[in-house]
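K.L.:
See upload-v7.pdb below, with PDB, C-alpha atoms.
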ATOM      1  CA  MET A 145     -37.127  19.515 -34.421  1.00  0.00           C
ATOM      2  CA  VAL A 146     -35.047  19.087 -31.279  1.00  0.00           C
ATOM      3  CA  ARG A 147     -32.988  15.927 -30.970  1.00  0.00           C
ATOM      4  CA  VAL A 148     -31.983  14.673 -27.550  1.00  0.00           C
ATOM      5  CA  ASP A 149     -29.361  11.995 -27.161  1.00  0.00           C
ATOM      6  CA  ILE A 150     -31.285   9.437 -25.062  1.00  0.00           C
ATOM      7  CA  SER A 151     -28.206   7.310 -24.337  1.00  0.00           C
ATOM      8  CA  ASN A 152     -26.454  10.196 -22.571  1.00  0.00           C
ATOM      9  CA  VAL A 153     -29.591  11.124 -20.671  1.00  0.00           C
ATOM     10  CA  SER A 154     -30.091   7.505 -19.574  1.00  0.00           C
ATOM     11  CA  VAL A 155     -26.533   7.272 -18.278  1.00  0.00           C
ATOM     12  CA  GLU A 156     -26.903  10.590 -16.448  1.00  0.00           C
ATOM     13  CA  VAL A 157     -30.177   9.523 -14.827  1.00  0.00           C
ATOM     14  CA  ALA A 158     -28.742   6.137 -13.785  1.00  0.00           C
ATOM     15  CA  CYS A 159     -25.658   7.805 -12.271  1.00  0.00           C
ATOM     16  CA  THR A 160     -27.872  10.297 -10.455  1.00  0.00           C
ATOM     17  CA  ILE A 161     -30.011   7.530  -8.946  1.00  0.00           C
ATOM     18  CA  LEU A 162     -26.955   5.448  -8.020  1.00  0.00           C
ATOM     19  CA  GLY A 163     -25.191   8.468  -6.512  1.00  0.00           C
ATOM     20  CA  PHE A 164     -28.296   9.480  -4.588  1.00  0.00           C
ATOM     21  CA  TYR A 165     -28.799   6.045  -3.052  1.00  0.00           C
ATOM     22  CA  ALA A 166     -25.085   5.632  -2.342  1.00  0.00           C
ATOM     23  CA  GLY A 167     -25.128   8.933  -0.495  1.00  0.00           C
ATOM     24  CA  ALA A 168     -28.341   8.053   1.342  1.00  0.00           C
ATOM     25  CA  ALA A 169     -26.938   4.672   2.402  1.00  0.00           C
ATOM     26  CA  LYS A 170     -23.927   6.355   4.016  1.00  0.00           C
ATOM     27  CA  GLY A 171     -26.101   8.917   5.756  1.00  0.00           C
ATOM     28  CA  VAL A 172     -24.709  11.853   3.744  1.00  0.00           C
ATOM     29  CA  ILE A 173     -28.092  12.676   2.245  1.00  0.00           C
ATOM     30  CA  PRO A 174     -31.093  12.782   4.536  1.00  0.00           C
ATOM     31  CA  SER A 175     -33.302   9.775   4.085  1.00  0.00           C
ATOM     32  CA  LEU A 176     -36.050  10.486   1.568  1.00  0.00           C
ATOM     33  CA  GLY A 177     -39.018   8.405   0.668  1.00  0.00           C
ATOM     34  CA  ILE A 178     -39.304   6.764  -2.736  1.00  0.00           C
ATOM     35  CA  LEU A 179     -41.690   9.476  -3.964  1.00  0.00           C
ATOM     36  CA  GLU A 180     -39.239  12.262  -3.091  1.00  0.00           C
ATOM     37  CA  ALA A 181     -36.383  10.302  -4.677  1.00  0.00           C
ATOM     38  CA  ILE A 182     -38.326   9.870  -7.918  1.00  0.00           C
ATOM     39  CA  GLY A 183     -39.199  13.566  -7.878  1.00  0.00           C
ATOM     40  CA  LEU A 184     -35.526  14.459  -7.451  1.00  0.00           C
ATOM     41  CA  VAL A 185     -34.489  12.184 -10.336  1.00  0.00           C
ATOM     42  CA  VAL A 186     -37.240  13.555 -12.584  1.00  0.00           C
ATOM     43  CA  SER A 187     -36.220  17.138 -11.766  1.00  0.00           C
ATOM     44  CA  ILE A 188     -32.554  16.460 -12.530  1.00  0.00           C
ATOM     45  CA  SER A 189     -33.472  14.577 -15.721  1.00  0.00           C
ATOM     46  CA  THR A 190     -35.674  17.476 -16.837  1.00  0.00           C
ATOM     47  CA  LEU A 191     -32.814  19.889 -16.252  1.00  0.00           C
ATOM     48  CA  ILE A 192     -30.443  17.738 -18.319  1.00  0.00           C
ATOM     49  CA  ILE A 193     -32.933  17.333 -21.189  1.00  0.00           C
ATOM     50  CA  ALA A 194     -33.750  21.047 -21.194  1.00  0.00           C
ATOM     51  CA  SER A 195     -30.048  21.912 -21.302  1.00  0.00           C
ATOM     52  CA  GLN A 196     -29.443  19.605 -24.250  1.00  0.00           C
ATOM     53  CA  ALA A 197     -32.540  20.890 -26.054  1.00  0.00           C
ATOM     54  CA  LEU A 198     -31.383  24.482 -25.610  1.00  0.00           C
ATOM     55  CA  ASN A 199     -27.918  23.651 -26.948  1.00  0.00           C
ATOM     56  CA  SER A 200     -29.469  21.850 -29.910  1.00  0.00           C
ATOM     57  CA  TRP A 201     -31.699  24.840 -30.688  1.00  0.00           C
ATOM     58  CA  ARG A 202     -28.753  27.226 -30.401  1.00  0.00           C
ATOM     59  CA  ASN A 203     -26.720  25.128 -32.869  1.00  0.00           C
ATOM     60  CA  GLN A 204     -29.629  24.974 -35.325  1.00  0.00           C
ATOM     61  CA  PHE A 205     -30.110  28.733 -35.107  1.00  0.00           C
ATOM     62  CA  ARG A 206     -26.375  29.367 -35.655  1.00  0.00           C
ATOM     63  CA  HIS A 207     -26.373  27.092 -38.719  1.00  0.00           C
ATOM     64  CA  GLN A 208     -29.445  28.839 -40.093  1.00  0.00           C
ATOM     65  CA  VAL A 209     -27.840  32.269 -39.701  1.00  0.00           C
ATOM     66  CA  GLN A 210     -24.599  31.029 -41.291  1.00  0.00           C
ATOM     67  CA  TYR A 211     -26.507  29.511 -44.207  1.00  0.00           C
ATOM     68  CA  LYS A 212     -28.518  32.687 -44.875  1.00  0.00           C
ATOM     69  CA  SER A 213     -25.381  34.838 -44.597  1.00  0.00           C
ATOM     70  CA  LEU A 214     -23.531  32.649 -47.098  1.00  0.00           C
ATOM     71  CA  LEU A 215     -26.449  32.780 -49.542  1.00  0.00           C
ATOM     72  CA  LYS A 216     -26.502  36.562 -49.262  1.00  0.00           C
ATOM     73  CA  LEU A 217     -22.720  36.739 -49.736  1.00  0.00           C
ATOM     74  CA  LYS A 218     -22.922  34.487 -52.803  1.00  0.00           C
ATOM     75  CA  ALA A 219     -25.669  36.621 -54.383  1.00  0.00           C
ATOM     76  CA  ASN A 220     -23.800  39.866 -53.671  1.00  0.00           C
ATOM     77  CA  PHE A 221     -20.564  38.365 -55.004  1.00  0.00           C
ATOM     78  CA  GLU A 222     -22.302  37.406 -58.264  1.00  0.00           C
ATOM     79  CA  ASN A 223     -23.771  40.903 -58.655  1.00  0.00           C
ATOM     80  CA  TYR A 224     -20.435  42.524 -57.858  1.00  0.00           C
ATOM     81  CA  TRP A 225     -18.603  40.188 -60.245  1.00  0.00           C
ATOM     82  CA  LYS A 226     -21.011  41.069 -63.061  1.00  0.00           C
ATOM     83  CA  SER A 227     -20.578  44.783 -62.366  1.00  0.00           C
ATOM     84  CA  GLU A 228     -16.765  44.464 -62.514  1.00  0.00           C
ATOM     85  CA  ASP A 229     -17.106  42.551 -65.767  1.00  0.00           C
ATOM     86  CA  SER A 230     -19.373  45.277 -67.144  1.00  0.00           C
ATOM     87  CA  VAL A 231     -16.816  47.965 -66.288  1.00  0.00           C
ATOM     88  CA  ARG A 232     -14.009  45.963 -67.900  1.00  0.00           C
ATOM     89  CA  SER A 233     -16.106  45.319 -71.028  1.00  0.00           C
ATOM     90  CA  SER A 234     -17.004  49.000 -71.351  1.00  0.00           C
ATOM     91  CA  CYS A 235     -13.366  49.966 -70.899  1.00  0.00           C
ATOM     92  CA  MET A 236     -12.285  47.435 -73.530  1.00  0.00           C
ATOM     93  CA  GLU A 237     -14.842  48.865 -75.962  1.00  0.00           C
ATOM     94  CA  LYS A 238     -13.645  52.422 -75.268  1.00  0.00           C
ATOM     95  CA  TRP A 239     -10.035  51.265 -75.632  1.00  0.00           C
ATOM     96  CA  ARG A 240     -10.839  49.843 -79.082  1.00  0.00           C
ATOM     97  CA  ARG A 241     -12.546  53.081 -80.177  1.00  0.00           C
ATOM     98  CA  GLU A 242     -10.504  55.757 -78.391  1.00  0.00           C
ATOM     99  CA  GLY A 243      -7.162  54.161 -77.621  1.00  0.00           C
ATOM    100  CA  PHE A 244      -5.366  54.030 -74.278  1.00  0.00           C
ATOM    101  CA  ALA A 245      -6.462  57.542 -73.172  1.00  0.00           C
ATOM    102  CA  PHE A 246     -10.160  56.671 -72.815  1.00  0.00           C
ATOM    103  CA  GLU A 247     -12.487  58.020 -70.107  1.00  0.00           C
ATOM    104  CA  LEU A 248     -13.831  55.588 -67.539  1.00  0.00           C
ATOM    105  CA  PRO A 249     -17.562  54.803 -67.915  1.00  0.00           C
ATOM    106  CA  GLU A 250     -19.148  56.685 -64.995  1.00  0.00           C
ATOM    107  CA  THR A 251     -22.512  54.878 -65.002  1.00  0.00           C
ATOM    108  CA  GLU A 252     -20.881  51.446 -64.813  1.00  0.00           C
ATOM    109  CA  ILE A 253     -18.405  52.685 -62.189  1.00  0.00           C
ATOM    110  CA  ASP A 254     -21.244  53.980 -59.984  1.00  0.00           C
ATOM    111  CA  HIS A 255     -23.116  50.694 -60.307  1.00  0.00           C
ATOM    112  CA  ARG A 256     -19.933  48.750 -59.604  1.00  0.00           C
ATOM    113  CA  ASN A 257     -19.253  50.847 -56.474  1.00  0.00           C
ATOM    114  CA  ASN A 258     -22.756  50.135 -55.204  1.00  0.00           C
ATOM    115  CA  MET A 259     -22.334  46.397 -55.830  1.00  0.00           C
ATOM    116  CA  GLN A 260     -18.934  46.420 -54.118  1.00  0.00           C
ATOM    117  CA  ARG A 261     -20.466  48.137 -51.085  1.00  0.00           C
ATOM    118  CA  LYS A 262     -23.161  45.451 -50.824  1.00  0.00           C
ATOM    119  CA  TYR A 263     -20.584  42.691 -51.245  1.00  0.00           C
ATOM    120  CA  GLN A 264     -18.416  44.320 -48.559  1.00  0.00           C
ATOM    121  CA  GLU A 265     -21.392  44.486 -46.164  1.00  0.00           C
ATOM    122  CA  SER A 266     -22.076  40.790 -46.728  1.00  0.00           C
ATOM    123  CA  TRP A 267     -18.394  40.008 -46.253  1.00  0.00           C
ATOM    124  CA  ASN A 268     -18.394  41.883 -42.933  1.00  0.00           C
ATOM    125  CA  GLU A 269     -21.446  39.900 -41.832  1.00  0.00           C
ATOM    126  CA  ILE A 270     -19.897  36.569 -42.794  1.00  0.00           C
ATOM    127  CA  THR A 271     -16.798  37.533 -40.813  1.00  0.00           C
ATOM    128  CA  MET A 272     -18.910  37.282 -37.659  1.00  0.00           C
ATOM    129  CA  TYR A 273     -20.759  34.071 -38.535  1.00  0.00           C
ATOM    130  CA  CYS A 274     -18.230  32.036 -40.551  1.00  0.00           C
ATOM    131  CA  PRO A 275     -14.703  33.080 -39.558  1.00  0.00           C
ATOM    132  CA  LYS A 276     -13.263  29.844 -40.987  1.00  0.00           C
ATOM    133  CA  PHE A 277     -14.665  30.753 -44.400  1.00  0.00           C
ATOM    134  CA  VAL A 278     -13.096  34.208 -44.233  1.00  0.00           C
ATOM    135  CA  ASP A 279      -9.712  32.823 -43.165  1.00  0.00           C
ATOM    136  CA  GLU A 280      -9.709  30.220 -45.924  1.00  0.00           C
ATOM    137  CA  TYR A 281     -10.892  32.503 -48.723  1.00  0.00           C
ATOM    138  CA  ARG A 282      -9.326  35.900 -48.073  1.00  0.00           C
ATOM    139  CA  ASP A 283      -8.411  36.126 -51.755  1.00  0.00           C
ATOM    140  CA  ILE A 284     -12.095  36.592 -52.672  1.00  0.00           C
ATOM    141  CA  ALA A 285     -12.559  39.422 -50.195  1.00  0.00           C
ATOM    142  CA  PRO A 286     -14.005  42.544 -51.846  1.00  0.00           C
ATOM    143  CA  ASP A 287     -10.886  44.654 -51.321  1.00  0.00           C
ATOM    144  CA  ASN A 288      -8.609  42.038 -52.880  1.00  0.00           C
ATOM    145  CA  ILE A 289     -10.807  41.502 -55.919  1.00  0.00           C
ATOM    146  CA  CYS A 290     -11.327  45.239 -56.406  1.00  0.00           C
ATOM    147  CA  LYS A 291      -7.582  45.905 -56.318  1.00  0.00           C
ATOM    148  CA  ILE A 292      -6.844  43.251 -58.921  1.00  0.00           C
ATOM    149  CA  HIS A 293      -9.699  44.379 -61.188  1.00  0.00           C
ATOM    150  CA  LEU A 294      -8.412  47.940 -60.955  1.00  0.00           C
ATOM    151  CA  ASP A 295      -4.944  46.725 -61.958  1.00  0.00           C
ATOM    152  CA  TYR A 296      -6.463  45.092 -65.036  1.00  0.00           C
ATOM    153  CA  ILE A 297      -8.388  48.298 -65.894  1.00  0.00           C
ATOM    154  CA  ASN A 298      -5.162  50.292 -65.567  1.00  0.00           C
ATOM    155  CA  GLU A 299      -3.461  47.734 -67.794  1.00  0.00           C
ATOM    156  CA  LEU A 300      -5.725  48.940 -70.628  1.00  0.00           C
ATOM    157  CA  ARG A 301      -4.252  52.427 -70.290  1.00  0.00           C
ATOM    158  CA  LYS A 302      -0.733  51.299 -71.112  1.00  0.00           C
ATOM    159  CA  GLN A 303       0.398  52.263 -74.584  1.00  0.00           C
ATOM    160  CA  ASN A 304       1.766  48.797 -75.276  1.00  0.00           C
ATOM    161  CA  PHE A 305      -1.361  46.914 -74.095  1.00  0.00           C
ATOM    162  CA  SER A 306      -2.516  43.995 -76.188  1.00  0.00           C
ATOM    163  CA  PRO A 307      -5.472  41.761 -75.285  1.00  0.00           C
ATOM    164  CA  SER A 308      -3.530  38.699 -76.392  1.00  0.00           C
ATOM    165  CA  THR A 309      -0.839  39.285 -73.751  1.00  0.00           C
ATOM    166  CA  SER A 310      -3.250  39.927 -70.868  1.00  0.00           C
ATOM    167  CA  ASP A 311      -3.998  37.113 -68.447  1.00  0.00           C
ATOM    168  CA  PHE A 312      -7.214  38.791 -67.282  1.00  0.00           C
ATOM    169  CA  TYR A 313      -9.577  36.096 -68.551  1.00  0.00           C
ATOM    170  CA  ASP A 314      -7.489  33.315 -66.988  1.00  0.00           C
ATOM    171  CA  TRP A 315      -7.484  35.146 -63.663  1.00  0.00           C
ATOM    172  CA  GLN A 316     -11.203  35.938 -63.932  1.00  0.00           C
ATOM    173  CA  ASN A 317     -12.170  32.312 -64.622  1.00  0.00           C
ATOM    174  CA  LYS A 318      -9.910  31.010 -61.848  1.00  0.00           C
ATOM    175  CA  MET A 319     -11.260  33.443 -59.249  1.00  0.00           C
ATOM    176  CA  ASN A 320     -14.884  32.909 -60.218  1.00  0.00           C
ATOM    177  CA  LYS A 321     -14.491  29.125 -59.978  1.00  0.00           C
ATOM    178  CA  ARG A 322     -12.721  29.449 -56.631  1.00  0.00           C
ATOM    179  CA  ALA A 323     -15.421  31.705 -55.199  1.00  0.00           C
ATOM    180  CA  MET A 324     -18.361  29.651 -56.444  1.00  0.00           C
ATOM    181  CA  GLY A 325     -16.672  26.439 -55.288  1.00  0.00           C
ATOM    182  CA  ALA A 326     -16.150  27.965 -51.846  1.00  0.00           C
ATOM    183  CA  PHE A 327     -19.770  29.075 -51.567  1.00  0.00           C
ATOM    184  CA  TYR A 328     -21.176  25.707 -52.635  1.00  0.00           C
ATOM    185  CA  ALA A 329     -18.774  23.734 -50.417  1.00  0.00           C
ATOM    186  CA  TYR A 330     -19.706  25.716 -47.308  1.00  0.00           C
ATOM    187  CA  LEU A 331     -23.414  25.743 -48.146  1.00  0.00           C
ATOM    188  CA  ASN A 332     -23.336  21.960 -48.523  1.00  0.00           C
ATOM    189  CA  GLN A 333     -21.629  21.629 -45.133  1.00  0.00           C
ATOM    190  CA  LEU A 334     -24.387  23.679 -43.507  1.00  0.00           C
ATOM    191  CA  SER A 335     -27.346  21.985 -45.190  1.00  0.00           C
TER     192      SER A 335
END
Let's see the structure in the file written out as structure tokens.

P.N.:
Amino acid sequence: MVRVDISNVSVEVACTILGFYAGAAKGVIPSLGILEAIGLVVSISTLIIASQALNSWRNQFRHQVQYKSLLKLKANFENYWKSEDSVRSSCMEKWRREGFAFELPETEIDHRNNMQRKYQESWNEITMYCPKFVDEYRDIAPDNICKIHLDYINELRKQNFSPSTSDFYDWQNKMNKRAMGAFYAYLNQLS
């Protein structure tokens, strides 16, 4: 649905008529009959309404693209987040069984890499459509999250590692809440 601000159009039409007759009275504009004057006003009014309708459509389209991009980013973030959690859980299990010299779980790593790639593609897309979102939430960018998750995986390989001294779960909960809050806040702004 296209909304046109009638008050602005009315003012523009009135100013056009007033300006036309003021110019005609001073001899600046050749004298036109009433039919030609009405035709001129209707043509100018149509141009103004069409311009506003086009701008309204463009804004609706931009919001629709932003909304779809944010939904896609949110879904890819959730999948990526689950894959990182799966890798960490597998590593914790291997750490319990094998100690700090465990082998990384290749299947989970491959899946995680695929999910990170999809999340990165969505992040690149959102960079074009919602630059304010990207500027405000750089800490949930795929590269930043990946680096921190990798640090926590490497933490398991330390000989003196103890789950009770790790702040991984605090960080994980904080980042997940921040990301989901960001997605919902921006989605609500666009809906």

K.L.:
Report as a PDB file with C-alpha atoms, in the coordinates of the input the full result of the PyMOL selection byres ((chain A and resi 221) around 9) when it is applied to this structure.

P.N.:
ATOM      1  CA  LYS A 216     -26.502  36.562 -49.262  1.00  0.00           C
ATOM      2  CA  LEU A 217     -22.720  36.739 -49.736  1.00  0.00           C
ATOM      3  CA  LYS A 218     -22.922  34.487 -52.803  1.00  0.00           C
ATOM      4  CA  ALA A 219     -25.669  36.621 -54.383  1.00  0.00           C
ATOM      5  CA  ASN A 220     -23.800  39.866 -53.671  1.00  0.00           C
ATOM      6  CA  GLU A 222     -22.302  37.406 -58.264  1.00  0.00           C
ATOM      7  CA  ASN A 223     -23.771  40.903 -58.655  1.00  0.00           C
ATOM      8  CA  TYR A 224     -20.435  42.524 -57.858  1.00  0.00           C
ATOM      9  CA  TRP A 225     -18.603  40.188 -60.245  1.00  0.00           C
ATOM     10  CA  LYS A 226     -21.011  41.069 -63.061  1.00  0.00           C
ATOM     11  CA  MET A 259     -22.334  46.397 -55.830  1.00  0.00           C
ATOM     12  CA  GLN A 260     -18.934  46.420 -54.118  1.00  0.00           C
ATOM     13  CA  LYS A 262     -23.161  45.451 -50.824  1.00  0.00           C
ATOM     14  CA  TYR A 263     -20.584  42.691 -51.245  1.00  0.00           C
ATOM     15  CA  SER A 266     -22.076  40.790 -46.728  1.00  0.00           C
ATOM     16  CA  ILE A 284     -12.095  36.592 -52.672  1.00  0.00           C
ATOM     17  CA  PRO A 286     -14.005  42.544 -51.846  1.00  0.00           C
ATOM     18  CA  ALA A 323     -15.421  31.705 -55.199  1.00  0.00           C
TER      19      ALA A 323
END

K.L.:
Give me, please, the distance in Å between atom CA of A:Asp283 and atom CA of A:Leu248, quoted to one decimal.

P.N.:
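That distance, rounded to one decimal, is 25.6 Å.
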
K.L.:
Given all atoms listed in the file as the basis, pick out the residue of A:Ser308, A:Gln210, A:Gln264, A:Gln196 nearest to A:Asp287.

P.N.:
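Smallest distance to A:Asp287 is found for A:Gln264.
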
K.L.:
If I put a ball of radius 12 Å at (-9.9, 30.3, -45.3) in the file's coordinates, which residues poke into it when counting only C-alpha atoms, written as number ranges by chain?

P.N.:
A: 271, 274-285, 322-323, 326-327, 330

K.L.:
Only C-alpha atoms, please: the residues just picked out, written as a PDB file, in the coordinates of the input.

P.N.:
ATOM      1  CA  THR A 271     -16.798  37.533 -40.813  1.00  0.00           C
ATOM      2  CA  CYS A 274     -18.230  32.036 -40.551  1.00  0.00           C
ATOM      3  CA  PRO A 275     -14.703  33.080 -39.558  1.00  0.00           C
ATOM      4  CA  LYS A 276     -13.263  29.844 -40.987  1.00  0.00           C
ATOM      5  CA  PHE A 277     -14.665  30.753 -44.400  1.00  0.00           C
ATOM      6  CA  VAL A 278     -13.096  34.208 -44.233  1.00  0.00           C
ATOM      7  CA  ASP A 279      -9.712  32.823 -43.165  1.00  0.00           C
ATOM      8  CA  GLU A 280      -9.709  30.220 -45.924  1.00  0.00           C
ATOM      9  CA  TYR A 281     -10.892  32.503 -48.723  1.00  0.00           C
ATOM     10  CA  ARG A 282      -9.326  35.900 -48.073  1.00  0.00           C
ATOM     11  CA  ASP A 283      -8.411  36.126 -51.755  1.00  0.00           C
ATOM     12  CA  ILE A 284     -12.095  36.592 -52.672  1.00  0.00           C
ATOM     13  CA  ALA A 285     -12.559  39.422 -50.195  1.00  0.00           C
ATOM     14  CA  ARG A 322     -12.721  29.449 -56.631  1.00  0.00           C
ATOM     15  CA  ALA A 323     -15.421  31.705 -55.199  1.00  0.00           C
ATOM     16  CA  ALA A 326     -16.150  27.965 -51.846  1.00  0.00           C
ATOM     17  CA  PHE A 327     -19.770  29.075 -51.567  1.00  0.00           C
ATOM     18  CA  TYR A 330     -19.706  25.716 -47.308  1.00  0.00           C
TER      19      TYR A 330
END

K.L.:
I need the residue set behind the PyMOL selection byres ((chain A and resi 312) around 12) for this file; please write it as a ChimeraX atom specification.

P.N.:
/A:229,232-233,236,292-300,306-311,313-320

K.L.:
Have a look at A:Ile270, A:Leu184, A:Ala329, A:Cys235 and name the one nearest to A:Lys212; count only C-alpha atoms.

P.N.:
A:Ile270

K.L.:
Go ahead and compute the interatomic distance for atom CA of A:Met324 and atom CA of A:Glu250, in Å to one decimal.

P.N.:
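That distance, rounded to one decimal, is 28.4 Å.
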
K.L.:
Can you measure atom CA of A:Gly243 to atom CA of A:Phe305 for me? One decimal in Å is fine.

P.N.:
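Taking atom CA of A:Gly243 and atom CA of A:Phe305, their separation equals 9.9 Å.
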